[in-house]
>>> print(open('final-v4.cif').read())   # mmCIF, C-alpha atoms
data_input
loop_
_atom_site.label_atom_id
_atom_site.label_comp_id
_atom_site.auth_asym_id
_atom_site.auth_seq_id
_atom_site.Cartn_x
_atom_site.Cartn_y
_atom_site.Cartn_z
CA MET D 1 22.19 -33.22 33.81
CA PRO D 2 24.14 -30.92 31.49
CA VAL D 3 24.34 -31.87 27.84
CA ARG D 4 27.50 -33.91 27.22
CA VAL D 5 29.38 -32.79 24.11
CA ALA D 6 32.35 -34.63 22.66
CA THR D 7 34.83 -33.30 20.15
CA HIS D 8 38.33 -34.27 19.11
CA SER D 9 41.38 -33.74 21.30
CA GLY D 10 44.54 -31.82 20.42
CA PRO D 11 44.68 -28.77 18.14
CA PHE D 12 41.31 -27.23 17.37
CA HIS D 13 39.78 -25.01 14.70
CA ALA D 14 37.07 -22.39 14.44
CA ASP D 15 34.33 -24.86 13.51
CA ASP D 16 34.54 -27.19 16.53
CA VAL D 17 35.01 -24.21 18.84
CA LEU D 18 32.00 -22.43 17.33
CA ALA D 19 29.88 -25.59 17.42
CA VAL D 20 30.40 -25.78 21.18
CA SER D 21 29.78 -22.04 21.57
CA LEU D 22 26.49 -22.43 19.69
CA ILE D 23 25.41 -25.31 21.91
CA ARG D 24 26.24 -23.38 25.07
CA THR D 25 24.52 -20.23 23.78
CA PHE D 26 21.27 -21.71 22.48
CA LEU D 27 20.84 -25.14 24.05
CA ASP D 28 22.60 -25.56 27.40
CA SER D 29 24.91 -22.94 28.93
CA GLU D 30 26.35 -25.63 31.22
CA ALA D 31 27.10 -28.14 28.45
CA ALA D 32 30.13 -30.21 29.43
CA VAL D 33 32.82 -30.89 26.83
CA VAL D 34 35.11 -33.89 26.60
CA ARG D 35 37.87 -33.79 23.99
CA THR D 36 38.83 -37.24 22.76
CA ARG D 37 39.03 -39.56 19.77
CA ASP D 38 38.08 -42.64 21.80
CA ALA D 39 35.06 -44.16 20.00
CA ALA D 40 33.65 -45.56 23.24
CA VAL D 41 33.65 -42.12 24.86
CA LEU D 42 32.12 -40.57 21.75
CA ASP D 43 29.29 -43.10 21.90
CA GLU D 44 28.46 -42.02 25.46
CA ALA D 45 28.09 -38.34 24.55
CA ASP D 46 24.77 -36.64 23.84
CA MET D 47 26.33 -34.68 20.99
CA VAL D 48 29.50 -35.29 18.98
CA VAL D 49 30.96 -32.48 16.86
CA ASP D 50 33.78 -32.51 14.29
CA VAL D 51 34.80 -36.10 14.95
CA GLY D 52 33.36 -39.60 14.60
CA ALA D 53 32.72 -39.69 10.84
CA ILE D 54 28.93 -39.51 11.20
CA TYR D 55 26.45 -36.82 10.25
CA ASP D 56 23.13 -37.73 11.84
CA PRO D 57 21.46 -34.79 13.59
CA GLY D 58 18.78 -37.05 15.03
CA ALA D 59 21.48 -39.00 16.82
CA GLY D 60 23.40 -35.90 17.84
CA ARG D 61 26.31 -36.58 15.49
CA PHE D 62 27.79 -33.64 13.58
CA ASP D 63 30.92 -34.54 11.62
CA HIS D 64 31.71 -33.52 8.04
CA HIS D 65 35.06 -35.21 7.34
CA GLN D 66 33.75 -38.56 6.05
CA ALA D 67 33.57 -39.20 2.31
CA SER D 68 29.84 -39.90 2.53
CA TYR D 69 29.16 -36.26 3.41
CA THR D 70 29.41 -33.99 0.37
CA GLY D 71 27.63 -30.90 1.64
CA PRO D 72 29.04 -27.41 2.29
CA LEU D 73 28.83 -27.33 6.08
CA SER D 74 31.41 -27.70 8.81
CA SER D 75 30.44 -28.92 12.26
CA ALA D 76 29.47 -25.33 13.16
CA GLY D 77 27.04 -25.03 10.26
CA MET D 78 25.62 -28.47 11.03
CA VAL D 79 24.95 -27.58 14.66
CA LEU D 80 23.38 -24.23 13.76
CA ALA D 81 21.06 -25.90 11.23
CA TRP D 82 19.98 -28.44 13.85
CA LEU D 83 19.41 -25.77 16.52
CA THR D 84 17.20 -23.91 14.05
CA GLU D 85 15.25 -27.03 13.09
CA GLN D 86 14.67 -27.75 16.79
CA GLY D 87 13.33 -24.25 17.41
CA HIS D 88 16.21 -22.99 19.55
CA VAL D 89 17.16 -20.38 16.92
CA SER D 90 14.61 -18.41 14.90
CA GLU D 91 14.74 -18.42 11.11
CA ALA D 92 15.63 -14.72 11.04
CA LEU D 93 18.42 -15.17 13.60
CA PHE D 94 19.68 -18.22 11.70
CA HIS D 95 20.28 -16.06 8.63
CA LYS D 96 21.91 -13.36 10.77
CA LEU D 97 24.32 -15.86 12.35
CA ARG D 98 25.16 -17.47 9.04
CA ALA D 99 25.83 -14.12 7.38
CA GLY D 100 27.72 -12.71 10.36
CA LEU D 101 29.96 -15.65 11.24
CA VAL D 102 28.97 -19.25 10.54
CA SER D 103 29.11 -19.29 6.72
CA TYR D 104 32.63 -17.90 6.82
CA VAL D 105 33.72 -20.52 9.34
CA ASP D 106 32.19 -23.24 7.15
CA ASP D 107 33.97 -21.88 4.08
CA VAL D 108 37.36 -21.62 5.80
CA ASP D 109 37.17 -25.06 7.36
CA ASN D 110 36.20 -26.67 4.07
CA GLY D 111 38.92 -24.88 2.12
CA ARG D 112 36.72 -22.63 0.02
CA VAL D 113 38.18 -19.48 1.57
CA ALA D 114 41.68 -18.80 2.89
CA PRO D 115 41.87 -16.29 5.76
CA LYS D 116 44.05 -13.30 4.99
CA PRO D 117 47.15 -13.33 7.18
CA ASP D 118 46.78 -9.65 8.06
CA VAL D 119 43.07 -9.77 8.97
CA PRO D 120 42.18 -10.91 12.53
CA CYS D 121 39.09 -12.94 11.61
CA PHE D 122 37.47 -15.51 13.91
CA PRO D 123 39.30 -18.56 12.44
CA ARG D 124 42.69 -16.85 12.79
CA ILE D 125 41.93 -15.70 16.34
CA VAL D 126 40.94 -19.25 17.29
CA GLU D 127 44.07 -20.60 15.62
CA ALA D 128 46.17 -18.29 17.82
CA PHE D 129 44.80 -19.99 20.95
CA ASN D 130 46.61 -23.16 19.84
CA HIS D 131 50.11 -21.72 19.56
CA PRO D 132 51.14 -21.70 23.25
CA CYS D 133 49.91 -25.28 23.79
CA ARG D 134 52.41 -28.10 24.38
CA SER D 135 50.17 -30.87 25.80
CA HIS D 136 46.64 -32.23 25.52
CA GLU D 137 45.84 -30.49 28.80
CA ASP D 138 47.05 -27.20 27.35
CA PHE D 139 44.88 -27.68 24.27
CA ASP D 140 41.83 -28.54 26.41
CA ALA D 141 42.24 -25.40 28.51
CA ALA D 142 42.83 -23.23 25.43
CA PHE D 143 39.77 -24.74 23.73
CA GLU D 144 37.59 -23.62 26.63
CA ARG D 145 38.98 -20.09 26.40
CA ALA D 146 38.31 -20.02 22.67
CA ALA D 147 34.77 -21.35 23.16
CA GLU D 148 34.14 -18.58 25.67
CA LEU D 149 35.26 -16.06 23.06
CA GLY D 150 32.83 -17.68 20.64
CA LYS D 151 29.99 -17.21 23.13
CA HIS D 152 30.77 -13.51 23.44
CA TRP D 153 30.92 -13.16 19.65
CA LEU D 154 27.54 -14.88 19.32
CA ALA D 155 26.07 -12.73 22.11
CA GLY D 156 27.08 -9.65 20.16
CA LEU D 157 25.44 -10.92 16.98
CA VAL D 158 22.26 -11.81 18.87
CA SER D 159 22.15 -8.36 20.50
CA GLU D 160 22.71 -6.68 17.14
CA HIS D 161 19.87 -8.73 15.64
CA GLU D 162 17.53 -7.78 18.49
CA ARG D 163 18.47 -4.11 18.22
CA ILE D 164 17.82 -4.12 14.49
CA LEU D 165 14.38 -5.65 15.06
CA GLU D 166 13.68 -2.89 17.58
CA ALA D 167 15.02 -0.29 15.15
CA GLU D 168 12.73 -1.56 12.40
CA ARG D 169 9.77 -0.71 14.60
CA VAL D 170 10.99 2.53 16.19
CA VAL D 171 12.77 4.07 13.20
CA GLY D 172 9.93 3.27 10.83
CA GLN D 173 7.45 5.00 13.14
CA ALA D 174 9.78 8.00 13.60
CA MET D 175 10.23 8.37 9.84
CA ALA D 176 6.47 8.35 9.30
CA SER D 177 5.92 10.84 12.11
CA ALA D 178 8.58 13.23 10.80
CA ALA D 179 7.19 13.12 7.27
CA GLU D 180 3.65 13.70 8.51
CA SER D 181 4.59 16.66 10.71
CA GLY D 182 6.88 18.22 8.09
CA THR D 183 10.02 18.29 10.21
CA ARG D 184 13.43 17.46 8.76
CA VAL D 185 14.50 15.85 12.05
CA ILE D 186 13.92 12.31 13.31
CA GLU D 187 14.06 11.89 17.09
CA LEU D 188 14.85 8.50 18.63
CA PRO D 189 14.26 7.74 22.33
CA GLU D 190 17.64 5.93 22.53
CA TYR D 191 20.50 5.07 20.23
CA LEU D 192 19.55 2.34 17.77
CA PRO D 193 21.36 1.04 14.64
CA TRP D 194 19.12 3.26 12.53
CA LYS D 195 20.97 3.71 9.25
CA SER D 196 20.28 0.34 7.62
CA VAL D 197 16.60 0.54 8.61
CA TYR D 198 16.30 4.15 7.45
CA PHE D 199 17.65 3.42 3.98
CA ALA D 200 15.76 0.15 3.67
CA ASN D 201 12.61 2.25 4.10
CA GLY D 202 13.34 4.75 1.33
CA GLY D 203 15.80 6.92 3.23
CA GLU D 204 17.51 8.26 0.12
CA THR D 205 14.36 10.14 -0.86
CA HIS D 206 12.89 10.63 2.62
CA PRO D 207 12.39 14.32 3.50
CA THR D 208 14.62 14.29 6.60
CA ASP D 209 18.17 15.50 7.10
CA TYR D 210 19.02 14.80 10.76
CA VAL D 211 18.58 12.30 13.56
CA ILE D 212 18.77 13.27 17.24
CA HIS D 213 19.16 10.72 20.01
CA PRO D 214 20.59 10.39 23.52
CA ALA D 215 24.03 8.88 24.13
CA THR D 216 24.98 6.53 26.95
CA ASP D 217 26.63 9.39 28.88
CA GLY D 218 23.38 11.36 28.98
CA SER D 219 24.34 13.82 26.26
CA TRP D 220 22.31 14.29 23.07
CA ARG D 221 23.59 14.08 19.54
CA ILE D 222 22.51 15.63 16.27
CA VAL D 223 23.61 13.44 13.37
CA ALA D 224 23.50 14.55 9.75
CA ILE D 225 22.01 11.80 7.60
CA PRO D 226 24.18 10.63 4.66
CA PRO D 227 22.68 10.65 1.15
CA LYS D 228 22.90 6.86 0.95
CA LEU D 229 23.98 3.93 3.10
CA GLY D 230 27.75 3.78 3.44
CA ASP D 231 28.31 7.32 2.17
CA PHE D 232 30.50 9.60 4.31
CA GLY D 233 28.78 12.75 3.11
CA GLN D 234 25.61 14.39 4.40
CA LYS D 235 22.28 15.27 2.83
CA ARG D 236 22.64 18.59 4.62
CA PRO D 237 25.75 19.23 6.76
CA LEU D 238 25.53 20.88 10.15
CA PRO D 239 26.20 24.65 10.18
CA GLU D 240 29.63 25.58 8.87
CA SER D 241 30.23 27.92 11.83
CA TRP D 242 30.14 24.92 14.21
CA ALA D 243 32.81 22.90 12.43
CA GLY D 244 35.60 21.60 14.66
CA LEU D 245 34.58 23.59 17.74
CA THR D 246 34.31 22.28 21.31
CA ASP D 247 32.93 23.46 24.64
CA ASP D 248 33.33 27.23 25.22
CA GLU D 249 34.22 27.93 21.60
CA LEU D 250 31.11 26.13 20.38
CA GLU D 251 28.95 27.77 23.04
CA ALA D 252 30.20 31.19 21.95
CA VAL D 253 29.10 30.50 18.37
CA THR D 254 25.78 28.75 19.08
CA GLY D 255 24.80 30.79 22.09
CA ILE D 256 23.53 27.56 23.65
CA SER D 257 24.69 26.48 27.09
CA GLY D 258 25.93 22.90 27.13
CA SER D 259 27.29 22.88 23.58
CA VAL D 260 30.00 20.20 23.64
CA PHE D 261 31.42 19.34 20.22
CA CYS D 262 30.92 19.46 16.48
CA HIS D 263 33.03 17.34 14.15
CA LYS D 264 35.04 19.29 11.61
CA ASN D 265 33.29 17.38 8.83
CA ARG D 266 29.93 18.57 10.21
CA PHE D 267 28.19 15.21 10.48
CA ILE D 268 27.71 15.13 14.26
CA ALA D 269 27.26 17.62 17.09
CA VAL D 270 26.92 16.91 20.80
CA PHE D 271 24.96 18.82 23.44
CA ARG D 272 24.72 18.07 27.14
CA THR D 273 20.91 17.95 27.15
CA ARG D 274 18.00 17.28 24.83
CA GLU D 275 16.85 20.85 25.41
CA GLY D 276 20.16 22.14 24.08
CA ALA D 277 20.02 19.94 21.00
CA VAL D 278 16.43 20.97 20.26
CA GLN D 279 17.30 24.62 20.82
CA ALA D 280 20.15 24.33 18.31
CA ILE D 281 17.87 22.69 15.76
CA GLU D 282 15.26 25.41 16.10
CA LYS D 283 17.72 28.34 16.27
CA TYR D 284 19.44 27.25 13.07
CA ASP D 285 16.23 26.09 11.33
CA LEU D 286 17.57 22.56 10.89
CA HIS D 287 14.02 21.25 11.15
CA ARG D 288 12.96 23.22 8.09
CA ARG D 289 13.76 22.59 4.44
CA ALA D 290 17.01 24.26 3.36
CA SER D 291 16.42 27.32 1.18
#
>>> encode(input="final-v4.cif", output="structure tokens")
Amino acid sequence: MPVRVATHSGPFHADDVLAVSLIRTFLDSEAAVVRTRDAAVLDEADMVVDVGAIYDPGAGRFDHHQASYTGPLSSAGMVLAWLTEQGHVSEALFHKLRAGLVSYVDDVDNGRVAPKPDVPCFPRIVEAFNHPCRSHEDFDAAFERAAELGKHWLAGLVSEHERILEAERVVGQAMASAAESGTRVIELPEYLPWKSVYFANGGETHPTDYVIHPATDGSWRIVAIPPKLGDFGQKRPLPESWAGLTDDELEAVTGISGSVFCHKNRFIAVFRTREGAVQAIEKYDLHRRAS
């Protein structure tokens, strides 16, 4: 039987929506939701979130509105903590989810942070789902749509976390290999979120200037590494003669078939094949220390 989750009826907020999204993402994708304030119905549920005036994870109760609860969590934070304690969410992913979404939802719901009216954050997006509703049935249907959005948001955070873990392994090995071989170029077998890992491993002083990797369309990219994380400059820009050129114009300058594009700010260049990207690196001595 699917897990039965109860939450309050009527207008909803980011925390009860996210609590349900967390349950469906990490515990039971088929979890059924009933939205009510009827105490008898709440008592029949396996889990109760954001209603009922009880915080007792062992009993599946996750409300934070009662005076007896003085902690910082909303129902979303309570559910995430329980999922982690039960082993459904790893400790590392717990911190990623809190930093990426859940702490903010807790803060907004408990009045510690006010969403900016001109920033489309998760609480404001969820709030917008309420506006067209004119009946309990409307609110129930809108809640399900908002909870589905929450699942997609969580899926993105989980994927990002997994990709960063992969990057920590792959980028670290590539950095060591480049330093050992004396090349100024790091090659990755696929695109990974490499920048945070690179700089966490001493990237500011690492003897590399470029990263090459394939793109999803099959092309290959040469990316100039910035001097530090978040900087829009480059340790060593791509050749000035490439700047702002595309296709035939870039081919005429590089002499390399399959030259596609170089940004005018010289931080990225695209070639149709790996062979073209490598040829460009070698022809312009990008793999050697700048003189």
>>> residues_around(input="final-v4.cif", residues="Ala141 of chain D", least_positions_apart="5", cutoff="12 Å", atoms="all atoms listed in the file", output="PDB file with C-alpha atoms, in the coordinates of the input")
ATOM      1  CA  SER D   9      41.380 -33.740  21.300  1.00  0.00           C
ATOM      2  CA  GLY D  10      44.540 -31.820  20.420  1.00  0.00           C
ATOM      3  CA  PRO D  11      44.680 -28.770  18.140  1.00  0.00           C
ATOM      4  CA  PHE D  12      41.310 -27.230  17.370  1.00  0.00           C
ATOM      5  CA  VAL D  33      32.820 -30.890  26.830  1.00  0.00           C
ATOM      6  CA  VAL D  34      35.110 -33.890  26.600  1.00  0.00           C
ATOM      7  CA  ARG D  35      37.870 -33.790  23.990  1.00  0.00           C
ATOM      8  CA  PHE D 129      44.800 -19.990  20.950  1.00  0.00           C
ATOM      9  CA  ASN D 130      46.610 -23.160  19.840  1.00  0.00           C
ATOM     10  CA  PRO D 132      51.140 -21.700  23.250  1.00  0.00           C
ATOM     11  CA  CYS D 133      49.910 -25.280  23.790  1.00  0.00           C
ATOM     12  CA  ARG D 134      52.410 -28.100  24.380  1.00  0.00           C
ATOM     13  CA  SER D 135      50.170 -30.870  25.800  1.00  0.00           C
ATOM     14  CA  HIS D 136      46.640 -32.230  25.520  1.00  0.00           C
ATOM     15  CA  ALA D 146      38.310 -20.020  22.670  1.00  0.00           C
ATOM     16  CA  ALA D 147      34.770 -21.350  23.160  1.00  0.00           C
ATOM     17  CA  GLU D 148      34.140 -18.580  25.670  1.00  0.00           C
TER      18      GLU D 148
END
>>> closest_residue(input="final-v4.cif", among="D:Val253, D:Leu27, D:Ala45, D:Val278", to="Ile186 of chain D", atoms="all atoms listed in the file")
D:Val278
>>> atom_distance(input="final-v4.cif", atom1="atom CA of Pro2 of chain D", atom2="atom CA of Val20 of chain D")
13.1 Å
>>> atom_distance(input="final-v4.cif", atom1="atom CA of Ser74 of chain D", atom2="atom CA of Glu44 of chain D")
22.2 Å
>>> resolve_selection(input="final-v4.cif", expression="the PyMOL selection byres ((chain D and resi 267) around 10)", output="MDAnalysis selection string")
chainID D and resid 210 222:226 232:239 243 262:266 268:269
>>> atom_distance(input="final-v4.cif", atom1="atom CA of Leu83 of chain D", atom2="atom CA of Val119 of chain D")
29.5 Å
>>> closest_residue(input="final-v4.cif", among="D:Thr254, D:Asn201, D:Thr208, D:Thr70", to="Thr183 of chain D", atoms="only C-alpha atoms")
D:Thr208
>>> resolve_selection(input="final-v4.cif", expression="the PyMOL selection byres ((chain D and resi 258) around 7)", output="mmCIF file with C-alpha atoms, keeping the file's coordinate frame")
data_model
loop_
_atom_site.group_PDB
_atom_site.id
_atom_site.type_symbol
_atom_site.label_atom_id
_atom_site.label_comp_id
_atom_site.auth_asym_id
_atom_site.auth_seq_id
_atom_site.Cartn_x
_atom_site.Cartn_y
_atom_site.Cartn_z
ATOM 1 C CA ILE D 256 23.530 27.560 23.650
ATOM 2 C CA SER D 257 24.690 26.480 27.090
ATOM 3 C CA SER D 259 27.290 22.880 23.580
ATOM 4 C CA VAL D 260 30.000 20.200 23.640
ATOM 5 C CA PHE D 271 24.960 18.820 23.440
ATOM 6 C CA ARG D 272 24.720 18.070 27.140
ATOM 7 C CA GLY D 276 20.160 22.140 24.080
#
>>> closest_residue(input="final-v4.cif", among="D:Glu162, D:Met1, D:Ala167, D:Ser219", to="Ser196 of chain D", atoms="all atoms listed in the file")
D:Ala167
>>> closest_residue(input="final-v4.cif", among="D:Val126, D:Leu97, D:Ala277, D:Ala155", to="Val185 of chain D", atoms="all atoms listed in the file")
D:Ala277
>>> residues_near_point(input="final-v4.cif", point="(31.7, -25.0, 4.2)", cutoff="6 Å", atoms="all atoms listed in the file", output="JSON list (two decimals) with C-alpha atoms, in the frame of the given file")
[["chain", "number", "residue", "atom", "x", "y", "z"],
["D", 72, "PRO", "CA", 29.04, -27.41, 2.29],
["D", 73, "LEU", "CA", 28.83, -27.33, 6.08],
["D", 74, "SER", "CA", 31.41, -27.70, 8.81],
["D", 106, "ASP", "CA", 32.19, -23.24, 7.15],
["D", 107, "ASP", "CA", 33.97, -21.88, 4.08],
["D", 110, "ASN", "CA", 36.20, -26.67, 4.07]]
>>> closest_residue(input="final-v4.cif", among="D:Pro227, D:Pro189, D:Pro57, D:Gly182", to="Gly202 of chain D", atoms="all atoms listed in the file")
D:Pro227
>>> resolve_selection(input="final-v4.cif", expression="the PyMOL selection byres ((chain D and resi 63-67) around 8)", output="list in words")
Val48, Val49, Asp50, Val51, Gly52, Ala53, Ile54, Tyr55, Arg61, Phe62, Ser68, Tyr69, Thr70, Leu73, Ser74 and Ser75 of chain D
>>> closest_residue(input="final-v4.cif", among="D:Val17, D:Ala40, D:Val171, D:Leu22", to="Leu188 of chain D", atoms="all atoms listed in the file")
D:Val171
